[in-house]
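Source file: upload-v2.cif. Holds: mmCIF, C-alpha atoms.
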```
data_data
#
loop_
_atom_site.label_atom_id
_atom_site.label_comp_id
_atom_site.auth_asym_id
_atom_site.auth_seq_id
_atom_site.Cartn_x
_atom_site.Cartn_y
_atom_site.Cartn_z
CA MET T 1 -101.77 58.02 63.86
CA LEU T 2 -104.37 56.42 61.63
CA LYS T 3 -103.93 55.47 58.00
CA THR T 4 -105.68 58.61 56.75
CA ALA T 5 -104.81 60.86 53.81
CA PHE T 6 -103.12 63.26 56.23
CA GLY T 7 -101.27 60.44 58.01
CA ARG T 8 -100.11 58.99 54.70
CA ARG T 9 -98.88 62.40 53.50
CA LEU T 10 -97.04 63.02 56.78
CA ALA T 11 -95.47 59.54 56.61
CA LYS T 12 -94.30 60.18 53.03
CA ILE T 13 -92.62 63.40 54.11
CA ALA T 14 -91.01 61.79 57.17
CA TYR T 15 -89.78 58.88 55.06
CA SER T 16 -88.37 61.09 52.28
CA VAL T 17 -86.74 63.69 54.49
CA ILE T 18 -85.57 61.61 57.46
CA PHE T 19 -85.89 57.83 57.48
CA ARG T 20 -84.89 57.04 53.90
CA LYS T 21 -81.55 58.72 54.60
CA MET T 22 -80.88 57.15 58.00
CA PRO T 23 -78.27 54.39 58.39
CA VAL T 24 -78.75 50.81 57.29
CA SER T 25 -80.55 48.57 59.77
CA TYR T 26 -77.34 46.76 60.75
CA GLY T 27 -75.37 49.99 61.35
CA LEU T 28 -75.12 52.50 64.19
CA PHE T 29 -78.65 53.70 65.05
CA GLY T 30 -79.93 51.06 62.63
CA GLY T 31 -82.63 49.87 64.99
CA ILE T 32 -84.19 53.32 65.17
CA ALA T 33 -83.91 53.75 61.40
CA LYS T 34 -85.45 50.33 60.74
CA LYS T 35 -88.40 51.04 63.05
CA GLY T 36 -88.94 54.49 61.52
CA ARG T 37 -88.88 53.19 57.95
CA ARG T 38 -91.26 50.37 58.89
CA LEU T 39 -93.70 52.75 60.60
CA CYS T 40 -93.70 55.07 57.58
CA ALA T 41 -94.15 52.13 55.19
CA LYS T 42 -97.02 50.82 57.29
CA LEU T 43 -98.82 54.14 56.82
CA ILE T 44 -97.87 54.58 53.16
CA LEU T 45 -98.13 51.13 51.56
CA ALA T 46 -101.29 49.39 50.37
CA ASP T 47 -100.36 46.38 52.53
CA ILE T 48 -97.32 45.37 54.54
CA GLY T 49 -96.76 42.15 56.44
CA LYS T 50 -95.09 41.51 59.78
CA ASN T 51 -91.34 41.76 60.29
CA VAL T 52 -90.64 43.59 57.00
CA ASN T 53 -87.32 45.42 56.61
CA ILE T 54 -86.92 48.31 54.20
CA GLU T 55 -83.32 49.46 54.03
CA LYS T 56 -81.74 52.88 53.56
CA GLY T 57 -82.44 54.71 50.31
CA VAL T 58 -85.31 52.55 49.08
CA VAL T 59 -87.77 54.24 46.73
CA PHE T 60 -91.20 52.63 46.53
CA ALA T 61 -94.72 53.40 45.36
CA ASP T 62 -97.60 53.59 47.80
CA ASP T 63 -99.54 50.80 46.07
CA MET T 64 -96.80 48.23 46.78
CA VAL T 65 -97.78 45.10 48.69
CA ILE T 66 -95.10 43.24 50.64
CA GLY T 67 -95.52 40.04 52.63
CA ASP T 68 -94.33 38.89 56.05
CA ASN T 69 -90.60 38.52 56.78
CA SER T 70 -89.50 40.15 53.52
CA GLY T 71 -86.74 42.67 53.04
CA VAL T 72 -85.80 45.28 50.46
CA GLY T 73 -82.09 46.09 50.12
CA VAL T 74 -80.24 49.39 50.19
CA ASN T 75 -81.09 51.85 47.38
CA ALA T 76 -83.64 49.59 45.66
CA HIS T 77 -86.21 51.30 43.41
CA ILE T 78 -89.66 49.74 43.16
CA SER T 79 -92.19 51.13 40.68
CA PRO T 80 -95.97 51.15 41.18
CA ARG T 81 -98.02 47.94 40.80
CA VAL T 82 -95.56 45.57 42.48
CA THR T 83 -96.53 42.71 44.77
CA ILE T 84 -93.83 41.01 46.84
CA GLY T 85 -94.62 37.75 48.63
CA LYS T 86 -93.57 36.39 52.02
CA ASN T 87 -89.96 35.60 53.00
CA VAL T 88 -88.53 37.45 50.01
CA ILE T 89 -85.04 38.96 49.83
CA ILE T 90 -84.69 41.90 47.43
CA GLY T 91 -80.99 42.72 47.00
CA ASP T 92 -79.30 46.10 47.18
CA GLU T 93 -79.76 48.44 44.20
CA THR T 94 -82.46 46.27 42.61
CA ARG T 95 -84.76 47.93 40.08
CA ILE T 96 -88.32 46.73 39.57
CA ILE T 97 -89.81 48.50 36.57
CA THR T 98 -93.49 48.38 35.60
CA ARG T 99 -93.64 50.59 32.52
CA ASN T 100 -91.47 51.40 29.56
CA HIS T 101 -91.16 54.03 26.84
CA VAL T 102 -93.17 53.77 23.65
CA PHE T 103 -90.78 53.52 20.72
CA ASP T 104 -92.97 52.17 17.90
CA ARG T 105 -92.72 55.20 15.63
CA THR T 106 -89.53 56.32 13.92
CA ASP T 107 -90.86 59.62 12.61
CA ILE T 108 -90.92 61.27 16.07
CA PRO T 109 -88.35 61.14 18.89
CA ILE T 110 -88.85 58.42 21.50
CA ILE T 111 -88.97 61.06 24.24
CA GLU T 112 -92.16 62.45 22.67
CA GLN T 113 -93.95 59.07 22.33
CA GLY T 114 -94.86 58.65 25.98
CA PHE T 115 -95.09 55.44 27.97
CA TYR T 116 -96.84 52.09 27.69
CA GLU T 117 -99.42 51.28 30.36
CA ARG T 118 -97.95 49.91 33.59
CA GLU T 119 -97.69 46.13 33.75
CA PRO T 120 -97.68 44.64 37.26
CA VAL T 121 -94.73 42.68 38.60
CA VAL T 122 -95.47 39.82 40.99
CA ILE T 123 -92.77 38.20 43.11
CA GLY T 124 -93.82 34.94 44.77
CA ASP T 125 -92.96 33.71 48.26
CA ASP T 126 -89.42 32.64 49.25
CA VAL T 127 -87.65 34.41 46.37
CA TRP T 128 -84.06 35.64 46.61
CA GLY T 129 -82.97 38.41 44.27
CA GLY T 130 -79.27 39.25 44.33
CA THR T 131 -77.67 42.68 44.17
CA ARG T 132 -78.47 44.92 41.18
CA VAL T 133 -81.18 42.72 39.69
CA THR T 134 -83.46 44.46 37.18
CA ILE T 135 -87.00 43.12 36.71
CA LEU T 136 -88.89 44.42 33.69
CA PRO T 137 -92.63 45.15 33.31
CA GLY T 138 -95.17 42.32 33.47
CA VAL T 139 -92.82 39.69 34.90
CA THR T 140 -93.93 37.09 37.45
CA ILE T 141 -91.28 35.42 39.60
CA GLY T 142 -92.36 32.00 40.86
CA LYS T 143 -92.14 30.73 44.43
CA GLY T 144 -88.66 29.75 45.60
CA ALA T 145 -86.84 31.24 42.59
CA ILE T 146 -83.35 32.74 42.79
CA LEU T 147 -82.29 35.69 40.63
CA GLY T 148 -78.51 35.93 40.28
CA ALA T 149 -76.78 39.22 41.00
CA GLY T 150 -76.89 41.63 38.07
CA SER T 151 -79.58 39.67 36.22
CA VAL T 152 -81.98 41.44 33.88
CA VAL T 153 -85.23 39.50 34.17
CA THR T 154 -87.27 40.02 30.99
CA LYS T 155 -89.57 36.97 31.19
CA ASP T 156 -91.48 35.04 33.84
CA VAL T 157 -89.39 32.78 36.08
CA ALA T 158 -90.83 29.37 36.97
CA PRO T 159 -91.04 28.30 40.63
CA TYR T 160 -87.80 27.00 42.18
CA THR T 161 -85.72 28.09 39.18
CA ILE T 162 -82.32 29.77 39.38
CA VAL T 163 -81.71 32.37 36.67
CA GLY T 164 -78.81 34.68 35.89
CA GLY T 165 -77.35 36.92 33.22
CA ASN T 166 -78.51 39.61 30.82
CA PRO T 167 -81.06 38.67 29.73
CA ALA T 168 -81.63 36.21 32.57
CA ARG T 169 -81.47 32.57 31.50
CA VAL T 170 -82.23 29.40 33.41
CA ILE T 171 -79.17 28.06 35.20
CA ARG T 172 -80.83 25.14 36.95
CA SER T 173 -83.79 24.08 39.05
CA ARG T 174 -83.72 23.93 42.84
CA LYS T 175 -85.83 20.76 42.82
#
```
Take the structure in the file and write it out as structure tokens.
Amino acid sequence: MLKTAFGRRLAKIAYSVIFRKMPVSYGLFGGIAKKGRRLCAKLILADIGKNVNIEKGVVFADDMVIGDNSGVGVNAHISPRVTIGKNVIIGDETRIITRNHVFDRTDIPIIEQGFYEREPVVIGDDVWGGTRVTILPGVTIGKGAILGAGSVVTKDVAPYTIVGGNPARVIRSRK
């Protein structure tokens, strides 16, 4: 099957209905599920590297780019305009958000104000994001950084920096 509009649409349906719900890659029938999710992602995504693992329940946009040997954990949600480098670990239930609500006016409800434009999120090579990390719009995560479990990353993270907390703060450098 070629990466055509029809192939992409078919892959999206197969992913949503079947493969997204199949067991985790390390569980019973995990090998089949892993291969199915990877095949669908290969047809859906803008670019996908070699040896990429997308786990059960992951929601992603078709313009996502993900590098070689990277993995996305169970039930992660990845918004449009996200680039993930090589050798990256995205923990279970991570949220990568690329747009937010407009809330500038107080004379009308926030729900009626719409959204800001999407701001891309870029995750460099060799990054490890723990479970339930939230990355907000426009953030760049530098090469070799570590994001502690449960962190809310509101600002760019320098290369080889360990951050944690809400909002995420520098804990130390890996160098």
Selected residue, from T:Asp156, T:Asp62, T:Glu93, T:Asp107, that lies nearest to T:Ile123 when counting only C-alpha atoms: T:Asp156
Within 8 Å of T:Ile89 using only C-alpha atoms, minus same-chain residues under 3 positions, as a ChimeraX atom specification: /T:70-73,126-130
Picked residues, the PyMOL selection byres ((chain T and resi 84-86) around 9), as a list in words: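 Output from the PyMOL selection byres ((chain T and resi 84-86) around 9), applied to this file: Gly49, Met64, Val65, Ile66, Gly67, Asp68, Asn69, Ser70, Val82, Thr83, Asn87, Val88, Val121, Val122, Ile123, Gly124, Asp125, Asp126, Val127 and Lys143 of chain T.
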Those same residues - C-alpha atoms - I'd like them written as a PDB file, in the coordinates of the input.
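Output below, filename out-v6.pdb:
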```
ATOM      1  CA  GLY T  49     -96.760  42.150  56.440  1.00  0.00           C
ATOM      2  CA  MET T  64     -96.800  48.230  46.780  1.00  0.00           C
ATOM      3  CA  VAL T  65     -97.780  45.100  48.690  1.00  0.00           C
ATOM      4  CA  ILE T  66     -95.100  43.240  50.640  1.00  0.00           C
ATOM      5  CA  GLY T  67     -95.520  40.040  52.630  1.00  0.00           C
ATOM      6  CA  ASP T  68     -94.330  38.890  56.050  1.00  0.00           C
ATOM      7  CA  ASN T  69     -90.600  38.520  56.780  1.00  0.00           C
ATOM      8  CA  SER T  70     -89.500  40.150  53.520  1.00  0.00           C
ATOM      9  CA  VAL T  82     -95.560  45.570  42.480  1.00  0.00           C
ATOM     10  CA  THR T  83     -96.530  42.710  44.770  1.00  0.00           C
ATOM     11  CA  ASN T  87     -89.960  35.600  53.000  1.00  0.00           C
ATOM     12  CA  VAL T  88     -88.530  37.450  50.010  1.00  0.00           C
ATOM     13  CA  VAL T 121     -94.730  42.680  38.600  1.00  0.00           C
ATOM     14  CA  VAL T 122     -95.470  39.820  40.990  1.00  0.00           C
ATOM     15  CA  ILE T 123     -92.770  38.200  43.110  1.00  0.00           C
ATOM     16  CA  GLY T 124     -93.820  34.940  44.770  1.00  0.00           C
ATOM     17  CA  ASP T 125     -92.960  33.710  48.260  1.00  0.00           C
ATOM     18  CA  ASP T 126     -89.420  32.640  49.250  1.00  0.00           C
ATOM     19  CA  VAL T 127     -87.650  34.410  46.370  1.00  0.00           C
ATOM     20  CA  LYS T 143     -92.140  30.730  44.430  1.00  0.00           C
TER      21      LYS T 143
END
```
Spatial neighbours of T:Val102, 7 Å, all atoms listed in the file, chain gap at least 3 places, as a list of chain:residue names: T:Ile110, T:Gln113, T:Gly114, T:Phe115, T:Tyr116
One-decimal distance in Å that lies between atom CA of T:Ile78 and atom CA of T:Thr4: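 Taking atom CA of T:Thr4 and atom CA of T:Ile78, their separation equals 22.8 Å.
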Given only C-alpha atoms as the counted atoms, nearest of T:Asp47, T:Asp92, T:Glu112, T:Glu117 to T:Ala76: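 For T:Ala76, the nearest of the given residues is T:Asp92.
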Result set, the PyMOL selection byres ((chain T and resi 34) around 12) on current file, as JSON, numbers by chain: {"T": [15, 18, 19, 20, 21, 22, 23, 24, 25, 26, 27, 28, 29, 30, 31, 32, 33, 35, 36, 37, 38, 39, 40, 41, 51, 52, 53, 54, 55, 56, 57, 58, 71, 72, 73, 74]}
Given all atoms listed in the file as the counted atoms, nearest of T:Ile141, T:Ile96, T:Ala11, T:Ala168 to T:Leu45: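 The closest residue to T:Leu45 is T:Ala11.
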Distance of atom CA of T:Ser79 from atom CA of T:Thr98, expressed in Å to one decimal place: 5.9 Å
Point-to-point distance from atom CA of T:Ala46 to atom CA of T:Pro137, Å rounded to tenths: 19.6 Å
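For the structure in this document, the set picked by the PyMOL selection byres ((chain T and resi 154) around 8) is T:Ile135, T:Leu136, T:Pro137, T:Val139, T:Val152, T:Val153, T:Lys155, T:Asp156, T:Pro167, T:Ala168.
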Go ahead and save the picked residues with C-alpha atoms, as a CSV table (one decimal), in the coordinates of the input.
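File produced: part_22.csv:
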```csv
chain,number,residue,atom,x,y,z
T,135,ILE,CA,-87.0,43.1,36.7
T,136,LEU,CA,-88.9,44.4,33.7
T,137,PRO,CA,-92.6,45.2,33.3
T,139,VAL,CA,-92.8,39.7,34.9
T,152,VAL,CA,-82.0,41.4,33.9
T,153,VAL,CA,-85.2,39.5,34.2
T,155,LYS,CA,-89.6,37.0,31.2
T,156,ASP,CA,-91.5,35.0,33.8
T,167,PRO,CA,-81.1,38.7,29.7
T,168,ALA,CA,-81.6,36.2,32.6
```
Final N, CA and C atoms of stretch 22-54 of chain T as a short mmCIF file (atom, residue, chain, number, x, y, z; two decimals), in the coordinates of the input:
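Dumped everything to rebuild-v5.cif:
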```
data_model
loop_
_atom_site.label_atom_id
_atom_site.label_comp_id
_atom_site.auth_asym_id
_atom_site.auth_seq_id
_atom_site.Cartn_x
_atom_site.Cartn_y
_atom_site.Cartn_z
N MET T 22 -81.53 57.64 56.77
CA MET T 22 -80.88 57.15 58.00
C MET T 22 -80.05 55.91 57.70
N PRO T 23 -79.18 55.52 58.63
CA PRO T 23 -78.27 54.39 58.39
C PRO T 23 -78.98 53.08 58.11
N VAL T 24 -78.22 52.15 57.54
CA VAL T 24 -78.75 50.81 57.29
C VAL T 24 -79.15 50.16 58.60
N SER T 25 -80.01 49.17 58.55
CA SER T 25 -80.55 48.57 59.77
C SER T 25 -79.49 47.87 60.62
N TYR T 26 -78.40 47.46 60.02
CA TYR T 26 -77.34 46.76 60.75
C TYR T 26 -76.21 47.70 61.18
N GLY T 27 -76.38 49.01 60.97
CA GLY T 27 -75.37 49.99 61.35
C GLY T 27 -75.71 50.70 62.65
N LEU T 28 -74.89 51.68 63.01
CA LEU T 28 -75.12 52.50 64.19
C LEU T 28 -76.46 53.21 64.05
N PHE T 29 -77.29 53.16 65.04
CA PHE T 29 -78.65 53.70 65.05
C PHE T 29 -79.57 52.98 64.06
N GLY T 30 -79.15 51.82 63.60
CA GLY T 30 -79.93 51.06 62.63
C GLY T 30 -81.28 50.62 63.15
N GLY T 31 -81.36 50.30 64.42
CA GLY T 31 -82.63 49.87 64.99
C GLY T 31 -83.68 50.96 64.92
N ILE T 32 -83.27 52.18 65.23
CA ILE T 32 -84.19 53.32 65.17
C ILE T 32 -84.60 53.57 63.72
N ALA T 33 -83.63 53.52 62.81
CA ALA T 33 -83.91 53.75 61.40
C ALA T 33 -84.87 52.69 60.86
N LYS T 34 -84.61 51.44 61.20
CA LYS T 34 -85.45 50.33 60.74
C LYS T 34 -86.89 50.50 61.22
N LYS T 35 -87.06 50.85 62.49
CA LYS T 35 -88.40 51.04 63.05
C LYS T 35 -89.10 52.23 62.39
N GLY T 36 -88.37 53.31 62.15
CA GLY T 36 -88.94 54.49 61.52
C GLY T 36 -89.38 54.22 60.09
N ARG T 37 -88.52 53.52 59.33
CA ARG T 37 -88.88 53.19 57.95
C ARG T 37 -90.09 52.26 57.92
N ARG T 38 -90.13 51.31 58.84
CA ARG T 38 -91.26 50.37 58.89
C ARG T 38 -92.56 51.10 59.24
N LEU T 39 -92.51 52.00 60.22
CA LEU T 39 -93.70 52.75 60.60
C LEU T 39 -94.21 53.58 59.42
N CYS T 40 -93.30 54.27 58.75
CA CYS T 40 -93.70 55.07 57.58
C CYS T 40 -94.31 54.17 56.51
N ALA T 41 -93.65 53.05 56.22
CA ALA T 41 -94.15 52.13 55.19
C ALA T 41 -95.52 51.59 55.56
N LYS T 42 -95.72 51.33 56.83
CA LYS T 42 -97.02 50.82 57.29
C LYS T 42 -98.13 51.83 56.99
N LEU T 43 -97.83 53.10 57.09
CA LEU T 43 -98.82 54.14 56.82
C LEU T 43 -98.95 54.45 55.32
N ILE T 44 -97.89 54.22 54.58
CA ILE T 44 -97.87 54.58 53.16
C ILE T 44 -98.37 53.45 52.26
N LEU T 45 -97.89 52.24 52.49
CA LEU T 45 -98.13 51.13 51.56
C LEU T 45 -99.56 50.61 51.59
N ALA T 46 -99.97 50.01 50.48
CA ALA T 46 -101.29 49.39 50.37
C ALA T 46 -101.42 48.27 51.40
N ASP T 47 -100.36 47.46 51.54
CA ASP T 47 -100.36 46.38 52.53
C ASP T 47 -98.93 46.00 52.84
N ILE T 48 -98.66 45.77 54.10
CA ILE T 48 -97.32 45.37 54.54
C ILE T 48 -97.46 44.32 55.62
N GLY T 49 -96.70 43.25 55.48
CA GLY T 49 -96.76 42.15 56.44
C GLY T 49 -95.96 42.44 57.70
N LYS T 50 -95.85 41.41 58.53
CA LYS T 50 -95.09 41.51 59.78
C LYS T 50 -93.61 41.30 59.50
N ASN T 51 -92.79 41.95 60.32
CA ASN T 51 -91.34 41.76 60.29
C ASN T 51 -90.73 42.08 58.92
N VAL T 52 -91.18 43.15 58.30
CA VAL T 52 -90.64 43.59 57.00
C VAL T 52 -89.53 44.60 57.25
N ASN T 53 -88.44 44.48 56.49
CA ASN T 53 -87.32 45.42 56.61
C ASN T 53 -87.13 46.15 55.29
N ILE T 54 -87.21 47.46 55.35
CA ILE T 54 -86.92 48.31 54.20
C ILE T 54 -85.65 49.08 54.54
#
```
